[in-house]
Amino acid sequence: QVQLAESGGGLVQPGGSLTLSCAASGSPFSILIMRWYRQVPGKEREWVTTITVGGDTNLADSAKGRFTASRDNAKRTVYLQMNSLKPEDTAVYYCNARIVNTRSEYWGGGTQVTVSS
């Protein structure tokens with residue numbers, strides 16, 4: 001069983017920055033593929049980024065050039081650095097973990113990001 005706890009959400013003005021964190025416990029962190037998703041009420045959950053076991057990342061087109069994802073294996077934490085935030089980035093951001101070579105998948109409870117003036 002993997003437990004995930006997101007933090008770092010909040011209210012920010014357009015053009016501002018936020019860094020989200022997701023701390024994982026309950027499983028060796030080195031075998032977890034980590035992802036961030038976001039969801040707006042009434043819409044499907046949207047993939048934002050994947051951070052591989054080796055630390056490689058890929059980003060959704062909507063995030064490229066503005067968001068940076070990373071992982072710190074020593075702290076068992078992944079990060080999502082979000083710059084140049086737009087009102088359309090407003091959503092609940094969820095952390096997701098999948099154990100390598102399995103279908104075992106886990107979700108955090110989410111953290112609200114609101115971009116508004």
# chains A, B, ... in the order shown; residues from 1 in each chain; ligands from 1
call {"tool": "residues_around", "arguments": {"residues": "Gln13 in chain A", "least_positions_apart": "6", "cutoff": "9 Å", "atoms": "only C-alpha atoms", "output": "number ranges by chain"}}
result
A: 85-87, 114-117
call {"tool": "write_last_selection", "arguments": {"atoms": "C-alpha atoms", "output": "PDB file, in the first residue's frame"}}
result
ATOM      1  CA  LEU A  85       0.315  30.418 -13.998  1.00  0.00           C
ATOM      2  CA  LYS A  86      -2.891  31.111 -15.887  1.00  0.00           C
ATOM      3  CA  PRO A  87      -6.510  31.094 -14.725  1.00  0.00           C
ATOM      4  CA  THR A 114      -6.566  28.649  -7.799  1.00  0.00           C
ATOM      5  CA  VAL A 115      -5.181  31.231 -10.210  1.00  0.00           C
ATOM      6  CA  SER A 116      -7.139  34.435  -9.936  1.00  0.00           C
ATOM      7  CA  SER A 117      -6.680  38.165  -9.532  1.00  0.00           C
TER       8      SER A 117
END
call {"tool": "residues_around", "arguments": {"residues": "Val100 in chain A", "least_positions_apart": "3", "cutoff": "8 Å", "atoms": "only C-alpha atoms", "output": "NGL selection string"}}
result
:A and (31-33)
call {"tool": "select_by_dssp", "arguments": {"residues": "range 31-96 of chain A", "states": "strand (DSSP E)", "output": "MDAnalysis selection string"}}
result
chainID A and resid 32:39 46:51 57:59 67:72 77:82 91:96
call {"tool": "write_last_selection", "arguments": {"atoms": "N, CA and C atoms", "output": "JSON list (two decimals), in the first residue's frame"}}
result
[["chain", "number", "residue", "atom", "x", "y", "z"],
["A", 32, "LEU", "N", 8.62, 3.48, -7.82],
["A", 32, "LEU", "CA", 7.37, 4.19, -8.11],
["A", 32, "LEU", "C", 7.53, 5.12, -9.30],
["A", 33, "ILE", "N", 6.67, 4.93, -10.29],
["A", 33, "ILE", "CA", 6.53, 5.91, -11.36],
["A", 33, "ILE", "C", 5.50, 6.93, -10.86],
["A", 34, "MET", "N", 5.90, 8.18, -10.88],
["A", 34, "MET", "CA", 5.05, 9.22, -10.29],
["A", 34, "MET", "C", 4.45, 10.08, -11.40],
["A", 35, "ARG", "N", 3.23, 10.51, -11.17],
["A", 35, "ARG", "CA", 2.55, 11.38, -12.12],
["A", 35, "ARG", "C", 1.76, 12.46, -11.38],
["A", 36, "TRP", "N", 1.58, 13.56, -12.04],
["A", 36, "TRP", "CA", 0.66, 14.59, -11.58],
["A", 36, "TRP", "C", -0.50, 14.67, -12.59],
["A", 37, "TYR", "N", -1.68, 14.80, -12.03],
["A", 37, "TYR", "CA", -2.88, 15.04, -12.81],
["A", 37, "TYR", "C", -3.58, 16.26, -12.22],
["A", 38, "ARG", "N", -4.54, 16.79, -12.97],
["A", 38, "ARG", "CA", -5.36, 17.85, -12.43],
["A", 38, "ARG", "C", -6.80, 17.67, -12.92],
["A", 39, "GLN", "N", -7.70, 18.22, -12.14],
["A", 39, "GLN", "CA", -9.12, 18.06, -12.48],
["A", 39, "GLN", "C", -9.91, 19.29, -12.10],
["A", 46, "GLU", "N", -7.07, 15.28, -15.95],
["A", 46, "GLU", "CA", -6.13, 15.54, -17.03],
["A", 46, "GLU", "C", -4.70, 15.25, -16.59],
["A", 47, "TRP", "N", -4.00, 14.48, -17.37],
["A", 47, "TRP", "CA", -2.60, 14.20, -17.08],
["A", 47, "TRP", "C", -1.76, 15.46, -17.27],
["A", 48, "VAL", "N", -0.80, 15.69, -16.35],
["A", 48, "VAL", "CA", 0.06, 16.85, -16.43],
["A", 48, "VAL", "C", 1.51, 16.45, -16.71],
["A", 49, "THR", "N", 2.01, 15.48, -15.94],
["A", 49, "THR", "CA", 3.40, 15.10, -16.11],
["A", 49, "THR", "C", 3.66, 13.72, -15.55],
["A", 50, "THR", "N", 4.67, 13.06, -16.09],
["A", 50, "THR", "CA", 5.17, 11.78, -15.58],
["A", 50, "THR", "C", 6.63, 11.95, -15.19],
["A", 51, "ILE", "N", 6.98, 11.38, -14.04],
["A", 51, "ILE", "CA", 8.37, 11.38, -13.59],
["A", 51, "ILE", "C", 8.77, 9.92, -13.42],
["A", 57, "THR", "N", 11.41, 13.15, -17.18],
["A", 57, "THR", "CA", 10.05, 13.70, -17.11],
["A", 57, "THR", "C", 9.51, 13.96, -18.50],
["A", 58, "ASN", "N", 8.21, 13.92, -18.63],
["A", 58, "ASN", "CA", 7.56, 14.48, -19.80],
["A", 58, "ASN", "C", 6.32, 15.21, -19.35],
["A", 59, "LEU", "N", 5.96, 16.19, -20.12],
["A", 59, "LEU", "CA", 4.92, 17.13, -19.73],
["A", 59, "LEU", "C", 3.84, 17.21, -20.79],
["A", 67, "PHE", "N", 5.94, 24.54, -16.54],
["A", 67, "PHE", "CA", 6.00, 23.63, -15.39],
["A", 67, "PHE", "C", 7.27, 22.79, -15.47],
["A", 68, "THR", "N", 7.80, 22.48, -14.30],
["A", 68, "THR", "CA", 8.94, 21.58, -14.19],
["A", 68, "THR", "C", 8.65, 20.55, -13.13],
["A", 69, "ALA", "N", 8.86, 19.27, -13.47],
["A", 69, "ALA", "CA", 8.64, 18.20, -12.51],
["A", 69, "ALA", "C", 9.97, 17.59, -12.10],
["A", 70, "SER", "N", 10.04, 17.13, -10.86],
["A", 70, "SER", "CA", 11.28, 16.51, -10.39],
["A", 70, "SER", "C", 10.98, 15.58, -9.24],
["A", 71, "ARG", "N", 11.95, 14.76, -8.89],
["A", 71, "ARG", "CA", 11.80, 13.87, -7.74],
["A", 71, "ARG", "C", 13.07, 13.90, -6.91],
["A", 72, "ASP", "N", 12.89, 13.75, -5.61],
["A", 72, "ASP", "CA", 14.00, 13.66, -4.67],
["A", 72, "ASP", "C", 13.85, 12.31, -3.97],
["A", 77, "THR", "N", 9.91, 12.28, -2.32],
["A", 77, "THR", "CA", 9.00, 13.36, -2.69],
["A", 77, "THR", "C", 9.18, 13.74, -4.16],
["A", 78, "VAL", "N", 8.06, 14.04, -4.79],
["A", 78, "VAL", "CA", 8.10, 14.64, -6.12],
["A", 78, "VAL", "C", 7.56, 16.05, -6.04],
["A", 79, "TYR", "N", 7.99, 16.86, -7.00],
["A", 79, "TYR", "CA", 7.63, 18.26, -7.01],
["A", 79, "TYR", "C", 7.07, 18.65, -8.37],
["A", 80, "LEU", "N", 6.22, 19.64, -8.35],
["A", 80, "LEU", "CA", 5.74, 20.25, -9.58],
["A", 80, "LEU", "C", 5.89, 21.76, -9.42],
["A", 81, "GLN", "N", 6.92, 22.29, -10.06],
["A", 81, "GLN", "CA", 7.16, 23.73, -10.04],
["A", 81, "GLN", "C", 6.35, 24.34, -11.17],
["A", 82, "MET", "N", 5.45, 25.25, -10.82],
["A", 82, "MET", "CA", 4.55, 25.85, -11.81],
["A", 82, "MET", "C", 4.81, 27.35, -11.87],
["A", 91, "ALA", "N", -7.37, 24.19, -10.72],
["A", 91, "ALA", "CA", -7.83, 22.81, -10.66],
["A", 91, "ALA", "C", -7.41, 22.22, -9.32],
["A", 92, "VAL", "N", -7.91, 21.03, -9.05],
["A", 92, "VAL", "CA", -7.35, 20.22, -7.98],
["A", 92, "VAL", "C", -6.25, 19.36, -8.60],
["A", 93, "TYR", "N", -5.07, 19.43, -8.02],
["A", 93, "TYR", "CA", -3.92, 18.69, -8.53],
["A", 93, "TYR", "C", -3.72, 17.43, -7.70],
["A", 94, "TYR", "N", -3.62, 16.31, -8.40],
["A", 94, "TYR", "CA", -3.49, 15.02, -7.74],
["A", 94, "TYR", "C", -2.15, 14.37, -8.06],
["A", 95, "CYS", "N", -1.60, 13.74, -7.08],
["A", 95, "CYS", "CA", -0.39, 12.94, -7.24],
["A", 95, "CYS", "C", -0.80, 11.48, -7.44],
["A", 96, "ASN", "N", -0.09, 10.82, -8.32],
["A", 96, "ASN", "CA", -0.39, 9.41, -8.64],
["A", 96, "ASN", "C", 0.90, 8.62, -8.62]]
call {"tool": "select_by_dssp", "arguments": {"residues": "range 11-91 of chain A", "states": "helix (DSSP H, G or I)", "output": "PyMOL selection string"}}
result
chain A and resi 29-31+87-89
call {"tool": "atom_distance", "arguments": {"atom1": "CA of Val113 in chain A", "atom2": "CA of Lys75 in chain A"}}
result
23.1 Å
